[in-house]
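This report refers to the structure that appears directly beneath it.
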Amino acid sequence: MIPKLVRLSRSAPKDRPLAWDTYWAGIRATGAAGEVLWDSGTDQEFLSYKEVLLRHLDPELPVVDIGCGHGSFSRALAGLFPEVIGVDVSAHAVNRAEAESAEFRNVRFQVRDMTAPGAEKDLPREANVFIRGVLHVLGAADQAALAENLRLLVGQRGSVFLAETNFQGNPVEYVSHLGATSRSIPAPLERAIRGLPMPGRFGPEERSRALPPTVWQLVEDGPVAIETNPATGISGQGRVPGYYAVLRPRT
């Protein structure tokens, strides 16, 4: 399977913003029957976060959904917070999120690369942050840049909730878990391999490096299941081992 994965991944643009915008430009359908690998089409994963969000994030503050994609988690967050701002590096993702969220009055979207210097400007100060599936596809330098922008964004009252895949295996084992075989690869998975950066894992060790304890207070963390597109119909292959954490900047 390795030669096939290498061949498929060669077509992915090396420029990260371009890769994501090209990917979203080609998406025609979302949800359980759609083309987005990490979209299960259900609220099951969000419900597993809900109690943690209610326990630790200030419900009076707005929440910024970083890497919002087509806005499915932004829409779920709209029921818990007074305002949700979804931001994504891809203009095509933001356009789709706006189209799918037209009836939500307290949700808006912006094209924004949150690893860029000053990316937190013009966003609400003293905000909560929700990040799902972003840090594990960033390199160390971009993780550090994002973390600094988060520190400035949340201020003294806000908190960061993150959830990331933390699969303990090599890339072949990972794609096999998601239904790939030497004969076939589920379409949402193949689309991601062809167009996007190779994902890594993000657990406690990676979190300590990206958001060091000298700067960030760890409030709560633990394992979680990341729901993906049920492309194969095989039980268990739509769930990836993951990791969540709630953090606040040290004062």
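Going by the structure tokens order, chains are called A, B, ..., each with residues numbered from 1, while ligands are numbered from 1 in the order shown.
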Surrounding residues of range 73-84 of chain A excluding itself and chain neighbours under 2 positions, 10 Å, only C-alpha atoms, as a PyMOL selection string: chain A and resi 39+43+45-47+50+53-54+57-71+86-87+97+100-101+103-109+124+127-132
Run DSSP on the backbone of this structure and report the residues of range 10-235 of chain A it assigns to strand (DSSP E or B), as number ranges by chain. A: 63-66, 84-88, 107-111, 128-132, 160-165, 216-227
Can you write out the residues you just picked, keeping C-alpha atoms, as a PDB file, in the first residue's frame?
```
ATOM      1  CA  VAL A  63     -16.288  31.601  20.854  1.00  0.00           C
ATOM      2  CA  VAL A  64     -13.924  31.527  17.884  1.00  0.00           C
ATOM      3  CA  ASP A  65     -14.020  28.246  15.950  1.00  0.00           C
ATOM      4  CA  ILE A  66     -10.566  27.946  14.372  1.00  0.00           C
ATOM      5  CA  VAL A  84     -19.682  32.236  17.200  1.00  0.00           C
ATOM      6  CA  ILE A  85     -17.031  33.379  14.735  1.00  0.00           C
ATOM      7  CA  GLY A  86     -15.806  30.615  12.460  1.00  0.00           C
ATOM      8  CA  VAL A  87     -12.451  31.265  10.822  1.00  0.00           C
ATOM      9  CA  ASP A  88     -10.704  29.228   8.152  1.00  0.00           C
ATOM     10  CA  VAL A 107     -22.822  32.768  13.658  1.00  0.00           C
ATOM     11  CA  ARG A 108     -20.523  34.502  11.202  1.00  0.00           C
ATOM     12  CA  PHE A 109     -17.456  33.427   9.259  1.00  0.00           C
ATOM     13  CA  GLN A 110     -14.166  34.963   8.143  1.00  0.00           C
ATOM     14  CA  VAL A 111     -11.257  33.934   5.962  1.00  0.00           C
ATOM     15  CA  ASN A 128     -13.215  31.376  24.069  1.00  0.00           C
ATOM     16  CA  VAL A 129     -11.550  29.258  21.390  1.00  0.00           C
ATOM     17  CA  PHE A 130     -12.657  25.929  19.909  1.00  0.00           C
ATOM     18  CA  ILE A 131     -10.159  23.966  17.788  1.00  0.00           C
ATOM     19  CA  ARG A 132     -10.942  20.573  16.329  1.00  0.00           C
ATOM     20  CA  VAL A 160      -9.091  27.136  24.717  1.00  0.00           C
ATOM     21  CA  PHE A 161     -10.754  23.799  23.987  1.00  0.00           C
ATOM     22  CA  LEU A 162      -8.891  21.584  21.538  1.00  0.00           C
ATOM     23  CA  ALA A 163      -9.631  18.124  20.147  1.00  0.00           C
ATOM     24  CA  GLU A 164      -7.173  16.355  17.852  1.00  0.00           C
ATOM     25  CA  THR A 165      -6.558  12.917  16.382  1.00  0.00           C
ATOM     26  CA  TRP A 216      -0.452  27.625  29.555  1.00  0.00           C
ATOM     27  CA  GLN A 217      -2.345  26.151  32.482  1.00  0.00           C
ATOM     28  CA  LEU A 218      -3.838  22.735  31.708  1.00  0.00           C
ATOM     29  CA  VAL A 219      -7.371  22.688  33.143  1.00  0.00           C
ATOM     30  CA  GLU A 220      -8.530  19.268  31.931  1.00  0.00           C
ATOM     31  CA  ASP A 221      -7.566  16.692  29.330  1.00  0.00           C
ATOM     32  CA  GLY A 222      -8.237  13.132  28.296  1.00  0.00           C
ATOM     33  CA  PRO A 223      -9.000  10.703  25.466  1.00  0.00           C
ATOM     34  CA  VAL A 224     -11.847  11.232  23.027  1.00  0.00           C
ATOM     35  CA  ALA A 225     -13.162   9.632  19.836  1.00  0.00           C
ATOM     36  CA  ILE A 226     -12.910  11.720  16.663  1.00  0.00           C
ATOM     37  CA  GLU A 227     -15.820  10.880  14.363  1.00  0.00           C
TER      38      GLU A 227
END
```
Give me, please, the distance in Å between CA of Ala210 in chain A and CA of Ala144 in chain A, quoted to one decimal.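 For CA of Ala210 in chain A relative to CA of Ala144 in chain A, the distance reads 5.7 Å.
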Which residues are close to Ser40 in chain A, i.e. within 6 Å by only C-alpha atoms, leaving aside same-chain residues fewer than 4 positions away? Reply as a list in words. Ala32, Glu227, Thr228 and Asn229 of chain A
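Counting from CA of Asp21 in chain A, the distance to CA of Arg239 in chain A is 25.4 Å.
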Write out as a ChimeraX atom specification all residues of range 105-217 of chain A that backbone DSSP assigns to alpha helix (DSSP H). /A:140-154,171-177,187-195,204-210
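The nearest approach to Leu178 in chain A among the residues A:Gly118, A:Pro230, A:Gly31, A:Gly242, with only C-alpha atoms taken into account, belongs to A:Pro230.
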Which residues, written as a VMD selection string, have at least one atom at most 7 Å from range 13-19 of chain A, with only C-alpha atoms counted and residues fewer than 3 positions away on the same chain left out? chain A and resid 22 to 23 89 to 90 195 to 196
For the residues selected in the previous step, produce a file with all heavy atoms as an mmCIF file, in the first residue's frame.
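Dumped everything to result.cif:
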```
data_model
loop_
_atom_site.group_PDB
_atom_site.id
_atom_site.type_symbol
_atom_site.label_atom_id
_atom_site.label_comp_id
_atom_site.auth_asym_id
_atom_site.auth_seq_id
_atom_site.Cartn_x
_atom_site.Cartn_y
_atom_site.Cartn_z
ATOM 1 N N THR A 22 -7.902 24.602 -2.322
ATOM 2 C CA THR A 22 -8.142 23.711 -3.456
ATOM 3 C C THR A 22 -9.019 22.540 -3.039
ATOM 4 O O THR A 22 -9.933 22.120 -3.776
ATOM 5 C CB THR A 22 -6.806 23.205 -4.023
ATOM 6 O OG1 THR A 22 -6.000 24.324 -4.413
ATOM 7 C CG2 THR A 22 -7.023 22.305 -5.228
ATOM 8 N N TYR A 23 -8.742 22.003 -1.854
ATOM 9 C CA TYR A 23 -9.555 20.891 -1.348
ATOM 10 C C TYR A 23 -11.020 21.303 -1.230
ATOM 11 O O TYR A 23 -11.921 20.634 -1.749
ATOM 12 C CB TYR A 23 -9.010 20.448 0.011
ATOM 13 C CG TYR A 23 -9.885 19.417 0.707
ATOM 14 C CD1 TYR A 23 -9.751 18.072 0.425
ATOM 15 C CD2 TYR A 23 -10.845 19.806 1.643
ATOM 16 C CE1 TYR A 23 -10.553 17.126 1.050
ATOM 17 C CE2 TYR A 23 -11.646 18.875 2.271
ATOM 18 C CZ TYR A 23 -11.492 17.539 1.969
ATOM 19 O OH TYR A 23 -12.299 16.612 2.593
ATOM 20 N N VAL A 89 -8.695 29.190 6.824
ATOM 21 C CA VAL A 89 -7.738 29.698 5.849
ATOM 22 C C VAL A 89 -8.280 29.623 4.429
ATOM 23 O O VAL A 89 -7.767 30.286 3.532
ATOM 24 C CB VAL A 89 -6.404 28.921 5.984
ATOM 25 C CG1 VAL A 89 -6.541 27.502 5.443
ATOM 26 C CG2 VAL A 89 -5.259 29.659 5.323
ATOM 27 N N SER A 90 -9.323 28.833 4.218
ATOM 28 C CA SER A 90 -9.882 28.620 2.880
ATOM 29 C C SER A 90 -11.119 29.475 2.642
ATOM 30 O O SER A 90 -12.113 29.365 3.365
ATOM 31 C CB SER A 90 -10.250 27.141 2.689
ATOM 32 O OG SER A 90 -11.076 26.966 1.562
ATOM 33 N N GLY A 195 -5.044 15.658 -1.664
ATOM 34 C CA GLY A 195 -5.041 17.107 -1.647
ATOM 35 C C GLY A 195 -4.492 17.801 -0.425
ATOM 36 O O GLY A 195 -4.257 19.014 -0.478
ATOM 37 N N LEU A 196 -4.272 17.073 0.679
ATOM 38 C CA LEU A 196 -3.987 17.756 1.937
ATOM 39 C C LEU A 196 -2.659 17.320 2.554
ATOM 40 O O LEU A 196 -2.138 16.248 2.232
ATOM 41 C CB LEU A 196 -5.122 17.484 2.926
ATOM 42 C CG LEU A 196 -6.486 18.051 2.527
ATOM 43 C CD1 LEU A 196 -7.542 17.619 3.526
ATOM 44 C CD2 LEU A 196 -6.431 19.566 2.403
#
```
With only C-alpha atoms as the basis for distance, which of A:Glu120, A:Gly34, A:Ala25, A:Pro241 is at the shortest distance from Leu152 in chain A?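 Looking at the shortest contact to Leu152 in chain A, the residue is A:Glu120.
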If you count only C-alpha atoms, which residues fall within 8 Å of Glu126 in chain A, apart from same-chain ones fewer than 6 positions away, as a PDB file with all heavy atoms, in the first residue's frame?
```pdb
ATOM      1  N   LEU A  61     -19.000  34.713  27.010  1.00  0.00           N
ATOM      2  CA  LEU A  61     -18.040  35.173  26.007  1.00  0.00           C
ATOM      3  C   LEU A  61     -18.358  34.574  24.644  1.00  0.00           C
ATOM      4  O   LEU A  61     -18.916  33.481  24.542  1.00  0.00           O
ATOM      5  CB  LEU A  61     -16.621  34.762  26.411  1.00  0.00           C
ATOM      6  CG  LEU A  61     -16.044  35.365  27.685  1.00  0.00           C
ATOM      7  CD1 LEU A  61     -14.620  34.858  27.900  1.00  0.00           C
ATOM      8  CD2 LEU A  61     -16.061  36.891  27.626  1.00  0.00           C
ATOM      9  N   LEU A 153      -5.726  36.208  22.051  1.00  0.00           N
ATOM     10  CA  LEU A 153      -7.154  36.216  21.772  1.00  0.00           C
ATOM     11  C   LEU A 153      -7.995  35.953  23.017  1.00  0.00           C
ATOM     12  O   LEU A 153      -9.007  36.621  23.247  1.00  0.00           O
ATOM     13  CB  LEU A 153      -7.464  35.173  20.697  1.00  0.00           C
ATOM     14  CG  LEU A 153      -8.915  34.981  20.266  1.00  0.00           C
ATOM     15  CD1 LEU A 153      -9.496  36.277  19.706  1.00  0.00           C
ATOM     16  CD2 LEU A 153      -9.011  33.861  19.237  1.00  0.00           C
ATOM     17  N   VAL A 154      -7.591  34.984  23.840  1.00  0.00           N
ATOM     18  CA  VAL A 154      -8.462  34.592  24.956  1.00  0.00           C
ATOM     19  C   VAL A 154      -8.369  35.553  26.133  1.00  0.00           C
ATOM     20  O   VAL A 154      -9.299  35.617  26.957  1.00  0.00           O
ATOM     21  CB  VAL A 154      -8.167  33.149  25.427  1.00  0.00           C
ATOM     22  CG1 VAL A 154      -8.385  32.166  24.302  1.00  0.00           C
ATOM     23  CG2 VAL A 154      -6.760  33.017  25.979  1.00  0.00           C
ATOM     24  N   GLY A 155      -7.267  36.294  26.234  1.00  0.00           N
ATOM     25  CA  GLY A 155      -7.155  37.252  27.328  1.00  0.00           C
ATOM     26  C   GLY A 155      -7.160  36.580  28.685  1.00  0.00           C
ATOM     27  O   GLY A 155      -6.652  35.478  28.862  1.00  0.00           O
ATOM     28  N   GLN A 156      -7.798  37.242  29.662  1.00  0.00           N
ATOM     29  CA  GLN A 156      -7.803  36.727  31.031  1.00  0.00           C
ATOM     30  C   GLN A 156      -9.033  35.889  31.351  1.00  0.00           C
ATOM     31  O   GLN A 156      -9.031  35.135  32.321  1.00  0.00           O
ATOM     32  CB  GLN A 156      -7.693  37.894  32.018  1.00  0.00           C
ATOM     33  CG  GLN A 156      -6.389  38.653  31.926  1.00  0.00           C
ATOM     34  CD  GLN A 156      -6.269  39.721  32.981  1.00  0.00           C
ATOM     35  OE1 GLN A 156      -7.161  39.929  33.786  1.00  0.00           O
ATOM     36  NE2 GLN A 156      -5.142  40.422  32.982  1.00  0.00           N
ATOM     37  N   ARG A 157     -10.086  36.011  30.549  1.00  0.00           N
ATOM     38  CA  ARG A 157     -11.327  35.282  30.861  1.00  0.00           C
ATOM     39  C   ARG A 157     -11.575  34.085  29.956  1.00  0.00           C
ATOM     40  O   ARG A 157     -12.309  33.173  30.319  1.00  0.00           O
ATOM     41  CB  ARG A 157     -12.527  36.232  30.751  1.00  0.00           C
ATOM     42  CG  ARG A 157     -12.579  37.307  31.805  1.00  0.00           C
ATOM     43  CD  ARG A 157     -13.785  38.216  31.560  1.00  0.00           C
ATOM     44  NE  ARG A 157     -15.035  37.485  31.558  1.00  0.00           N
ATOM     45  CZ  ARG A 157     -16.178  37.941  31.043  1.00  0.00           C
ATOM     46  NH1 ARG A 157     -16.204  39.136  30.460  1.00  0.00           N
ATOM     47  NH2 ARG A 157     -17.279  37.225  31.095  1.00  0.00           N
ATOM     48  N   GLY A 158     -10.997  34.080  28.781  1.00  0.00           N
ATOM     49  CA  GLY A 158     -11.289  33.036  27.824  1.00  0.00           C
ATOM     50  C   GLY A 158     -10.516  31.755  28.088  1.00  0.00           C
ATOM     51  O   GLY A 158      -9.545  31.723  28.837  1.00  0.00           O
TER      52      GLY A 158
END
```
Hey, which of A:Pro212, A:Gly238, A:Gly41, A:Gly133 ends up closest to Pro186 in chain A? Count only C-alpha atoms. A:Gly238
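Taking CA of Met114 in chain A as the reference point, CA of Val134 in chain A is found at 10.5 Å.
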Between A:Arg10, A:Arg125, A:Arg191, A:Arg151, single out the one closest to Leu247 in chain A, counting only C-alpha atoms.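 Among the listed residues, A:Arg151 lies closest to Leu247 in chain A.
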